[in-house]
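For reference, run03.tsv (TSV, C-alpha atoms):
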```
chain	number	residue	atom	x	y	z
A	991	MET	CA	81.23	46.96	-1.43
A	992	GLU	CA	81.63	45.91	2.23
A	993	ASN	CA	83.21	42.65	1.11
A	994	ASP	CA	85.73	44.49	-1.03
A	995	ARG	CA	86.71	46.77	1.82
A	996	ASP	CA	87.27	43.79	4.14
A	997	LEU	CA	89.43	42.02	1.59
A	998	LEU	CA	91.41	45.19	1.04
A	999	LEU	CA	92.01	45.51	4.80
A	1000	VAL	CA	93.20	41.90	4.96
A	1001	ALA	CA	95.56	42.56	2.06
A	1002	VAL	CA	96.89	45.76	3.64
A	1003	PHE	CA	97.52	44.10	7.02
A	1004	THR	CA	99.17	41.13	5.32
A	1005	PHE	CA	101.42	43.55	3.46
A	1006	LEU	CA	102.27	45.46	6.66
A	1007	THR	CA	103.01	42.25	8.58
A	1008	VAL	CA	105.29	40.94	5.83
A	1009	PHE	CA	106.98	44.34	5.51
A	1010	LEU	CA	107.70	44.55	9.27
A	1011	TRP	CA	108.85	40.92	9.36
A	1012	ILE	CA	111.29	41.55	6.52
A	1013	THR	CA	112.53	44.74	8.20
A	1014	PHE	CA	113.22	43.02	11.53
A	1015	GLU	CA	114.93	40.09	9.81
A	1016	LEU	CA	117.20	42.50	7.97
A	1017	ILE	CA	117.96	44.42	11.18
A	1018	LYS	CA	118.84	41.13	12.86
A	1019	THR	CA	121.14	40.22	9.97
A	1020	VAL	CA	122.93	43.56	10.22
A	1021	LYS	CA	123.34	43.39	14.01
A	1022	THR	CA	124.45	39.73	14.30
A	1023	THR	CA	128.20	39.27	14.12
A	1024	THR	CA	129.60	36.81	11.61
A	1025	VAL	CA	132.80	36.19	13.59
A	1026	ALA	CA	132.93	32.74	15.17
A	1027	SER	CA	133.31	32.47	18.93
A	1028	PRO	CA	136.82	30.85	18.90
A	1029	VAL	CA	138.06	33.64	16.60
A	1030	GLN	CA	136.62	36.28	18.97
A	1031	HIS	CA	138.48	34.56	21.80
A	1032	ILE	CA	141.73	34.53	19.81
A	1033	VAL	CA	141.63	38.24	18.91
A	1034	THR	CA	141.05	39.46	22.47
A	1035	PRO	CA	143.64	42.16	23.30
A	1036	LEU	CA	146.84	41.06	24.98
A	1037	SER	CA	149.04	42.99	27.38
A	1038	ALA	CA	152.67	42.49	26.42
A	1039	SER	CA	154.23	43.89	29.58
A	1040	ILE	CA	155.70	41.60	32.23
A	1041	ASP	CA	155.84	42.94	35.79
A	1042	ILE	CA	159.57	42.51	36.44
A	1043	ASP	CA	159.31	44.24	39.86
A	1044	LEU	CA	156.86	41.61	41.02
A	1045	LEU	CA	159.10	38.80	39.81
A	1046	THR	CA	162.10	40.40	41.50
A	1047	LYS	CA	160.12	40.59	44.76
A	1048	LEU	CA	159.22	36.92	44.36
A	1049	LYS	CA	162.89	36.11	43.82
A	1050	GLU	CA	163.73	37.80	47.12
A	1051	ARG	CA	161.20	35.67	49.04
A	1052	PRO	CA	162.76	32.61	50.75
A	1053	THR	CA	161.96	28.97	50.12
A	1054	TYR	CA	162.35	26.31	52.75
B	679	MET	CA	72.31	12.51	-16.99
B	680	PRO	CA	75.58	14.37	-17.87
B	681	TYR	CA	75.54	18.13	-18.34
B	682	ASN	CA	75.82	19.26	-21.95
B	683	TYR	CA	77.15	22.81	-22.05
B	684	LYS	CA	76.23	23.32	-25.72
B	685	THR	CA	72.52	22.78	-25.23
B	686	GLU	CA	71.99	23.66	-21.56
B	687	LEU	CA	74.13	26.79	-21.18
B	688	HIS	CA	71.11	29.05	-21.28
B	689	ARG	CA	70.14	27.81	-17.77
B	690	TYR	CA	73.10	29.73	-16.25
B	691	ARG	CA	72.92	32.77	-18.50
B	692	ARG	CA	71.45	35.04	-15.82
B	693	TYR	CA	74.39	34.30	-13.45
B	694	TYR	CA	76.96	35.30	-16.07
B	695	GLN	CA	75.04	38.49	-16.65
B	696	SER	CA	75.10	39.40	-12.97
B	697	ILE	CA	78.91	38.79	-12.76
B	698	GLU	CA	79.43	40.92	-15.85
B	699	GLN	CA	77.53	43.79	-14.24
B	700	PHE	CA	79.52	43.35	-11.05
B	701	VAL	CA	82.88	43.33	-12.83
B	702	ALA	CA	81.94	46.29	-14.91
B	703	LYS	CA	81.75	48.54	-11.80
B	704	PRO	CA	84.83	50.83	-11.62
B	705	GLN	CA	84.97	50.57	-7.79
B	706	THR	CA	85.30	46.79	-7.95
B	707	HIS	CA	88.10	47.20	-10.49
B	708	ALA	CA	89.96	49.52	-8.19
B	709	PHE	CA	89.53	47.32	-5.11
B	710	THR	CA	90.56	44.14	-6.93
B	711	THR	CA	93.65	45.82	-8.34
B	712	ALA	CA	94.63	47.16	-4.93
B	713	ILE	CA	94.06	43.83	-3.14
B	714	PHE	CA	96.04	41.80	-5.67
B	715	SER	CA	98.80	44.41	-5.75
B	716	PHE	CA	99.28	44.24	-1.97
B	717	LEU	CA	99.20	40.45	-1.99
B	718	ALA	CA	101.63	40.25	-4.91
B	719	ILE	CA	104.05	42.71	-3.25
B	720	SER	CA	103.86	40.72	0.01
B	721	LEU	CA	104.48	37.43	-1.76
B	722	PHE	CA	107.40	38.68	-3.84
B	723	GLY	CA	108.76	40.63	-0.89
B	724	TRP	CA	108.93	37.48	1.22
B	725	TYR	CA	110.19	35.02	-1.39
B	726	ALA	CA	112.38	37.24	-3.60
B	727	ILE	CA	113.29	40.60	-2.04
B	728	ARG	CA	113.94	39.37	1.54
B	729	PRO	CA	116.55	36.67	0.65
B	730	THR	CA	118.30	39.03	-1.75
B	731	LEU	CA	118.54	41.87	0.78
B	732	GLN	CA	119.53	39.44	3.51
B	733	THR	CA	122.38	38.05	1.41
B	734	ILE	CA	123.58	41.56	0.52
B	735	LEU	CA	123.53	42.73	4.16
B	736	TYR	CA	125.13	39.51	5.44
B	737	LEU	CA	127.99	39.77	2.95
B	738	ARG	CA	128.56	43.45	3.79
B	739	ARG	CA	128.57	42.63	7.50
B	740	GLU	CA	130.99	39.74	6.87
B	741	ILE	CA	133.37	42.04	4.97
B	742	ASP	CA	133.29	44.60	7.84
B	743	ASP	CA	133.81	41.88	10.46
B	744	ASN	CA	136.69	40.34	8.55
B	745	LYS	CA	138.35	43.75	8.20
B	746	LYS	CA	138.02	44.28	11.97
B	747	VAL	CA	139.31	40.78	12.75
B	748	ASN	CA	142.24	41.32	10.40
B	749	GLN	CA	143.11	44.58	12.15
B	750	GLN	CA	142.79	42.98	15.61
B	751	MET	CA	144.92	40.02	14.47
B	752	GLU	CA	147.65	42.38	13.25
B	753	GLU	CA	147.55	44.24	16.58
B	754	LYS	CA	147.72	40.95	18.44
B	755	ILE	CA	150.64	39.72	16.34
B	756	GLY	CA	152.50	42.95	17.22
B	757	LYS	CA	151.70	42.48	20.89
B	758	LEU	CA	152.82	38.84	20.75
B	759	ILE	CA	156.17	39.89	19.25
B	760	GLU	CA	156.51	42.45	22.06
B	761	ALA	CA	155.52	39.81	24.61
B	762	GLN	CA	158.09	37.40	23.23
B	763	SER	CA	160.88	39.96	23.60
B	764	SER	CA	159.65	40.82	27.14
B	765	TYR	CA	159.56	37.12	27.96
B	766	GLN	CA	163.09	36.59	26.69
B	767	SER	CA	164.36	39.53	28.74
B	768	ALA	CA	162.60	38.20	31.86
B	769	GLN	CA	163.36	34.54	31.25
B	770	ASP	CA	165.72	34.21	34.22
B	771	VAL	CA	163.11	35.43	36.74
B	772	ILE	CA	160.02	33.71	35.29
B	773	PRO	CA	160.68	30.35	37.05
B	774	TYR	CA	160.07	32.16	40.35
B	775	MET	CA	156.51	32.74	39.17
B	776	THR	CA	156.07	28.98	38.71
B	777	GLN	CA	157.47	28.41	42.18
B	778	ALA	CA	155.00	30.90	43.66
B	779	LEU	CA	152.00	29.63	41.68
B	780	PRO	CA	152.67	26.13	40.29
B	781	GLU	CA	150.58	24.62	37.52
B	782	THR	CA	149.57	21.68	39.72
B	783	SER	CA	148.36	21.79	43.31
B	784	ASP	CA	151.77	20.44	44.46
B	785	VAL	CA	150.51	20.10	48.03
B	786	LEU	CA	153.36	17.84	49.13
B	787	ALA	CA	155.95	20.50	48.34
B	788	ALA	CA	153.96	23.08	50.34
B	789	LEU	CA	153.62	20.67	53.25
B	790	GLY	CA	157.35	19.97	53.09
B	791	GLN	CA	158.14	23.67	53.27
B	792	ILE	CA	155.84	24.15	56.28
B	793	ARG	CA	157.48	21.17	58.00
B	794	ASN	CA	160.93	22.66	57.29
B	795	ILE	CA	159.85	26.02	58.77
B	796	ALA	CA	158.62	24.24	61.90
B	797	LEU	CA	161.90	22.31	62.16
B	798	ILE	CA	164.02	25.44	61.67
B	799	ARG	CA	161.99	27.34	64.28
B	800	GLY	CA	162.02	24.42	66.74
B	801	ALA	CA	158.29	23.76	66.89
B	802	SER	CA	156.71	20.35	66.76
B	803	ILE	CA	153.97	19.37	64.35
B	804	SER	CA	151.27	17.24	65.90
B	805	ALA	CA	148.96	17.00	62.88
B	806	ILE	CA	148.88	18.15	59.30
B	807	THR	CA	145.98	17.52	56.91
B	808	SER	CA	145.05	18.61	53.43
B	809	SER	CA	141.74	18.78	51.57
B	810	SER	CA	141.44	16.75	48.37
B	811	ALA	CA	143.56	18.19	45.60
B	812	PRO	CA	144.04	17.22	41.94
B	813	LEU	CA	147.49	15.76	41.26
B	814	LEU	CA	147.52	16.88	37.61
B	815	SER	CA	146.32	20.13	36.08
B	816	LYS	CA	143.34	19.94	33.71
B	817	GLU	CA	145.50	20.76	30.71
B	818	LYS	CA	147.89	17.89	31.49
B	819	SER	CA	145.07	15.46	32.23
B	820	ILE	CA	143.48	15.99	28.78
B	821	PRO	CA	145.07	13.31	26.55
B	822	ASN	CA	144.27	14.85	23.17
B	823	LYS	CA	145.78	18.31	22.79
B	824	GLN	CA	144.11	18.86	19.41
B	825	ALA	CA	140.68	18.40	20.99
B	826	ALA	CA	141.63	20.82	23.74
B	827	LEU	CA	142.76	23.40	21.20
B	828	ALA	CA	139.53	23.00	19.21
B	829	ARG	CA	137.55	24.06	22.26
B	830	GLY	CA	139.49	27.33	22.40
B	831	LEU	CA	142.07	28.70	24.80
B	832	PRO	CA	141.37	27.81	28.44
B	833	ASN	CA	140.92	30.51	31.05
B	834	ARG	CA	143.62	30.20	33.67
B	835	ILE	CA	142.58	31.01	37.22
B	836	ALA	CA	144.11	30.73	40.66
B	837	LYS	CA	142.64	27.94	42.78
B	838	SER	CA	143.45	26.92	46.32
B	839	VAL	CA	143.79	23.80	48.45
B	840	GLN	CA	143.08	24.01	52.16
B	841	LEU	CA	145.65	22.79	54.66
B	842	SER	CA	145.27	22.40	58.39
B	843	VAL	CA	148.40	22.35	60.55
B	844	ASN	CA	148.62	21.80	64.32
B	845	LEU	CA	151.85	23.10	65.85
B	846	LYS	CA	153.25	23.26	69.34
B	847	GLY	CA	155.76	25.76	70.63
B	848	THR	CA	156.26	28.99	72.49
B	849	TYR	CA	154.62	32.24	71.41
B	850	GLU	CA	157.84	33.56	69.81
B	851	ILE	CA	158.32	30.35	67.83
B	852	LEU	CA	154.72	30.29	66.61
B	853	GLU	CA	154.86	33.99	65.67
B	854	GLY	CA	158.03	33.34	63.67
B	855	ILE	CA	156.37	30.41	61.89
B	856	ILE	CA	153.38	32.52	60.88
B	857	LYS	CA	155.70	35.26	59.58
B	858	ASP	CA	157.75	32.71	57.62
B	859	ILE	CA	154.65	31.13	56.08
B	860	VAL	CA	153.29	34.51	54.98
B	861	SER	CA	156.61	35.64	53.52
B	862	MET	CA	157.65	32.41	51.75
B	863	ARG	CA	157.80	32.26	47.96
B	864	ARG	CA	154.98	29.75	47.52
B	865	LEU	CA	151.77	31.78	47.84
B	866	ILE	CA	149.94	30.71	50.96
B	867	SER	CA	147.29	32.70	52.79
B	868	ILE	CA	146.15	32.17	56.36
B	869	GLU	CA	142.41	31.62	56.52
B	870	SER	CA	142.28	31.35	60.31
B	871	PHE	CA	144.48	30.55	63.28
B	872	ASN	CA	143.72	29.54	66.82
B	873	ILE	CA	146.24	29.70	69.67
B	874	THR	CA	145.47	27.81	72.87
B	875	LEU	CA	147.46	26.80	75.92
B	876	ASP	CA	148.98	23.36	75.43
B	877	SER	CA	147.67	21.42	78.42
B	878	GLU	CA	149.75	18.31	77.61
B	879	SER	CA	153.14	19.89	78.33
B	880	GLU	CA	152.55	21.83	81.49
B	881	LYS	CA	155.99	20.82	82.83
B	882	GLN	CA	157.68	23.40	80.66
B	883	LEU	CA	155.83	26.18	82.51
B	884	ALA	CA	158.38	25.73	85.24
B	885	TYR	CA	161.16	26.85	82.87
B	886	GLY	CA	159.38	30.09	82.03
B	887	SER	CA	158.31	29.36	78.46
B	888	VAL	CA	154.55	28.95	77.99
B	889	PRO	CA	153.83	26.08	75.58
B	890	LEU	CA	151.08	26.92	73.14
B	891	LYS	CA	149.14	25.00	70.54
B	892	LEU	CA	148.55	26.66	67.19
B	893	ILE	CA	145.88	25.44	64.77
B	894	LEU	CA	146.46	27.00	61.37
B	895	LYS	CA	144.11	26.84	58.44
B	896	LEU	CA	145.93	27.75	55.24
B	897	ASN	CA	145.05	28.17	51.59
B	898	VAL	CA	147.76	27.01	49.16
B	899	TYR	CA	147.32	28.55	45.72
B	900	TYR	CA	148.04	27.15	42.28
B	901	ILE	CA	147.11	27.94	38.68
B	902	ASP	CA	144.60	25.82	36.86
B	903	SER	CA	142.44	26.10	33.77
B	904	GLU	CA	138.66	26.38	33.95
```
File written out as structure tokens:
Amino acid sequence: MENDRDLLLVAVFTFLTVFLWITFELIKTVKTTTVASPVQHIVTPLSASIDIDLLTKLKERPTY
Amino acid sequence: MPYNYKTELHRYRRYYQSIEQFVAKPQTHAFTTAIFSFLAISLFGWYAIRPTLQTILYLRREIDDNKKVNQQMEEKIGKLIEAQSSYQSAQDVIPYMTQALPETSDVLAALGQIRNIALIRGASISAITSSSAPLLSKEKSIPNKQAALARGLPNRIAKSVQLSVNLKGTYEILEGIIKDIVSMRRLISIESFNITLDSESEKQLAYGSVPLKLILKLNVYYIDSE
């Protein structure tokens, strides 16, 4: 009787360990991005405006 | 002598009987069923259910990511078209940007400009030194462009080269030189300056102009990739 209860506890803890392991692996799979690092770098937002005032000010500066 | 199970089985009969009694207990049945059920679920969970669920979730995540990347790419393409039109409209003033922040250290050009300022203002240069500077930018020094592209787009940052200039002249001349250096097109910042009385040319004191010695430490900026 005692032996049975011990074996059952081992089985239950094994089941719980495997269940939690599977859960965390699945969470990790969901959270990890599948986009490669170079692609992430390429799709970074870009500002299309050029500061013409700044360039005009630069034009006014003298060169020697 | 080898064991003959047909004739000598009766020797172990009592053990079989005790196992039969043990197995016949309903509690043992229940425990055994529960234990093997948990172990079987664990085993199949790890080797069958986990890979299946992982594949499903990975593929769903990949679809979502690809949709996002596609949307970001479309936005970026739009922005690039806008940037191209902005660039074309500002094409005549963009070279000034390269003059202000060149793609190489171009120290000689900066030194030449400082010398010209000193000549125009009538000061004399007694010494001019520069810290070590790369002659080519990193992008130009990489021979294989394909390999450079494979590593991704480089981050472009402003770097500086330090110059040290010793000048001699009156206060007005030296003040004018500092103003000219700060306001010239090539971006140069003054890190420190030190004005002392020039002891070598004391004769000029008689004419009313005080000769001074200016030690300038400058930072000349340029654009480089990381």
Using CA of Ala1038 in chain A and CA of Leu758 in chain B as the two end points, give the distance in Å to one decimal.
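Computed distance, CA of Ala1038 in chain A to CA of Leu758 in chain B, equals 6.7 Å.
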Identify, on the basis of only C-alpha atoms, every residue whose closest approach to Ser842 in chain B does not exceed 7 Å; exclude the query and any residue fewer than 3 positions from it along the same chain; express the result as a short mmCIF file (atom, residue, chain, number, x, y, z; two decimals) with C-alpha atoms, in the frame of the given file.
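Saved to selection.cif:
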```
data_model
loop_
_atom_site.label_atom_id
_atom_site.label_comp_id
_atom_site.auth_asym_id
_atom_site.auth_seq_id
_atom_site.Cartn_x
_atom_site.Cartn_y
_atom_site.Cartn_z
CA ILE B 806 148.88 18.15 59.30
CA THR B 807 145.98 17.52 56.91
CA SER B 808 145.05 18.61 53.43
CA LEU B 894 146.46 27.00 61.37
CA LYS B 895 144.11 26.84 58.44
CA LEU B 896 145.93 27.75 55.24
#
```
Select all residues from chain A having any atom no more than 8 Å from an atom of chain B (counting only C-alpha atoms, ignoring ligands), output as a ChimeraX atom specification.
/A:991,994-995,997-998,1001-1002,1004-1005,1008-1009,1012,1015-1016,1019-1020,1023-1025,1028,1031-1040,1042,1045-1046,1048-1049,1051-1054
Calculate how many Å separate CA of Ile868 in chain B from CA of Val843 in chain B, rounding to one decimal.
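CA of Val843 in chain B lies 10.9 Å from CA of Ile868 in chain B.
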How many Å separate CA of Lys846 in chain B from CA of Ser802 in chain B?
5.2 Å
Between B:Leu875, B:Ser887, B:Tyr899, B:Ala796, which has the minimum distance to Leu852 in chain B (counting only C-alpha atoms)?
B:Ala796
Please fill the gaps in range 1010-1032 of chain A so it has N, CA and C atoms, and write that as a short mmCIF file (atom, residue, chain, number, x, y, z; two decimals), in the coordinates of the input.
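The resulting file, rebuild30.cif, is reproduced below:
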```
data_model
loop_
_atom_site.label_atom_id
_atom_site.label_comp_id
_atom_site.auth_asym_id
_atom_site.auth_seq_id
_atom_site.Cartn_x
_atom_site.Cartn_y
_atom_site.Cartn_z
N LEU A 1010 107.02 44.44 7.97
CA LEU A 1010 107.70 44.55 9.27
C LEU A 1010 108.58 43.32 9.54
N TRP A 1011 108.08 42.17 9.18
CA TRP A 1011 108.85 40.92 9.36
C TRP A 1011 110.18 41.01 8.60
N ILE A 1012 110.07 41.42 7.35
CA ILE A 1012 111.29 41.55 6.52
C ILE A 1012 112.25 42.55 7.15
N THR A 1013 111.68 43.70 7.60
CA THR A 1013 112.53 44.74 8.20
C THR A 1013 113.27 44.20 9.42
N PHE A 1014 112.57 43.54 10.32
CA PHE A 1014 113.22 43.02 11.53
C PHE A 1014 114.25 41.93 11.21
N GLU A 1015 113.95 41.13 10.21
CA GLU A 1015 114.93 40.09 9.81
C GLU A 1015 116.20 40.74 9.28
N LEU A 1016 116.02 41.81 8.52
CA LEU A 1016 117.20 42.50 7.97
C LEU A 1016 118.00 43.19 9.07
N ILE A 1017 117.27 43.79 10.05
CA ILE A 1017 117.96 44.42 11.18
C ILE A 1017 118.77 43.37 11.96
N LYS A 1018 118.15 42.23 12.14
CA LYS A 1018 118.84 41.13 12.86
C LYS A 1018 120.09 40.70 12.10
N THR A 1019 119.98 40.62 10.78
CA THR A 1019 121.14 40.22 9.97
C THR A 1019 122.27 41.23 10.10
N VAL A 1020 121.90 42.52 10.12
CA VAL A 1020 122.93 43.56 10.22
C VAL A 1020 123.60 43.53 11.59
N LYS A 1021 122.80 43.31 12.64
CA LYS A 1021 123.34 43.39 14.01
C LYS A 1021 124.12 42.14 14.44
N THR A 1022 123.79 40.98 13.87
CA THR A 1022 124.45 39.73 14.30
C THR A 1022 125.86 39.65 13.71
N THR A 1023 126.81 39.38 14.59
CA THR A 1023 128.20 39.27 14.12
C THR A 1023 128.41 37.96 13.36
N THR A 1024 129.32 38.02 12.40
CA THR A 1024 129.60 36.81 11.61
C THR A 1024 130.90 36.14 12.08
N VAL A 1025 131.53 36.75 13.10
CA VAL A 1025 132.80 36.19 13.59
C VAL A 1025 132.51 35.04 14.55
N ALA A 1026 133.16 33.93 14.32
CA ALA A 1026 132.93 32.74 15.17
C ALA A 1026 133.50 32.96 16.57
N SER A 1027 132.92 32.28 17.53
CA SER A 1027 133.31 32.47 18.93
C SER A 1027 134.79 32.17 19.21
N PRO A 1028 135.38 31.08 18.66
CA PRO A 1028 136.82 30.85 18.90
C PRO A 1028 137.69 31.98 18.34
N VAL A 1029 137.28 32.54 17.20
CA VAL A 1029 138.06 33.64 16.60
C VAL A 1029 137.97 34.87 17.51
N GLN A 1030 136.78 35.15 18.04
CA GLN A 1030 136.62 36.28 18.97
C GLN A 1030 137.53 36.10 20.18
N HIS A 1031 137.64 34.86 20.63
CA HIS A 1031 138.48 34.56 21.80
C HIS A 1031 139.95 34.79 21.45
N ILE A 1032 140.32 34.41 20.22
CA ILE A 1032 141.73 34.53 19.81
C ILE A 1032 142.14 35.99 19.67
#
```
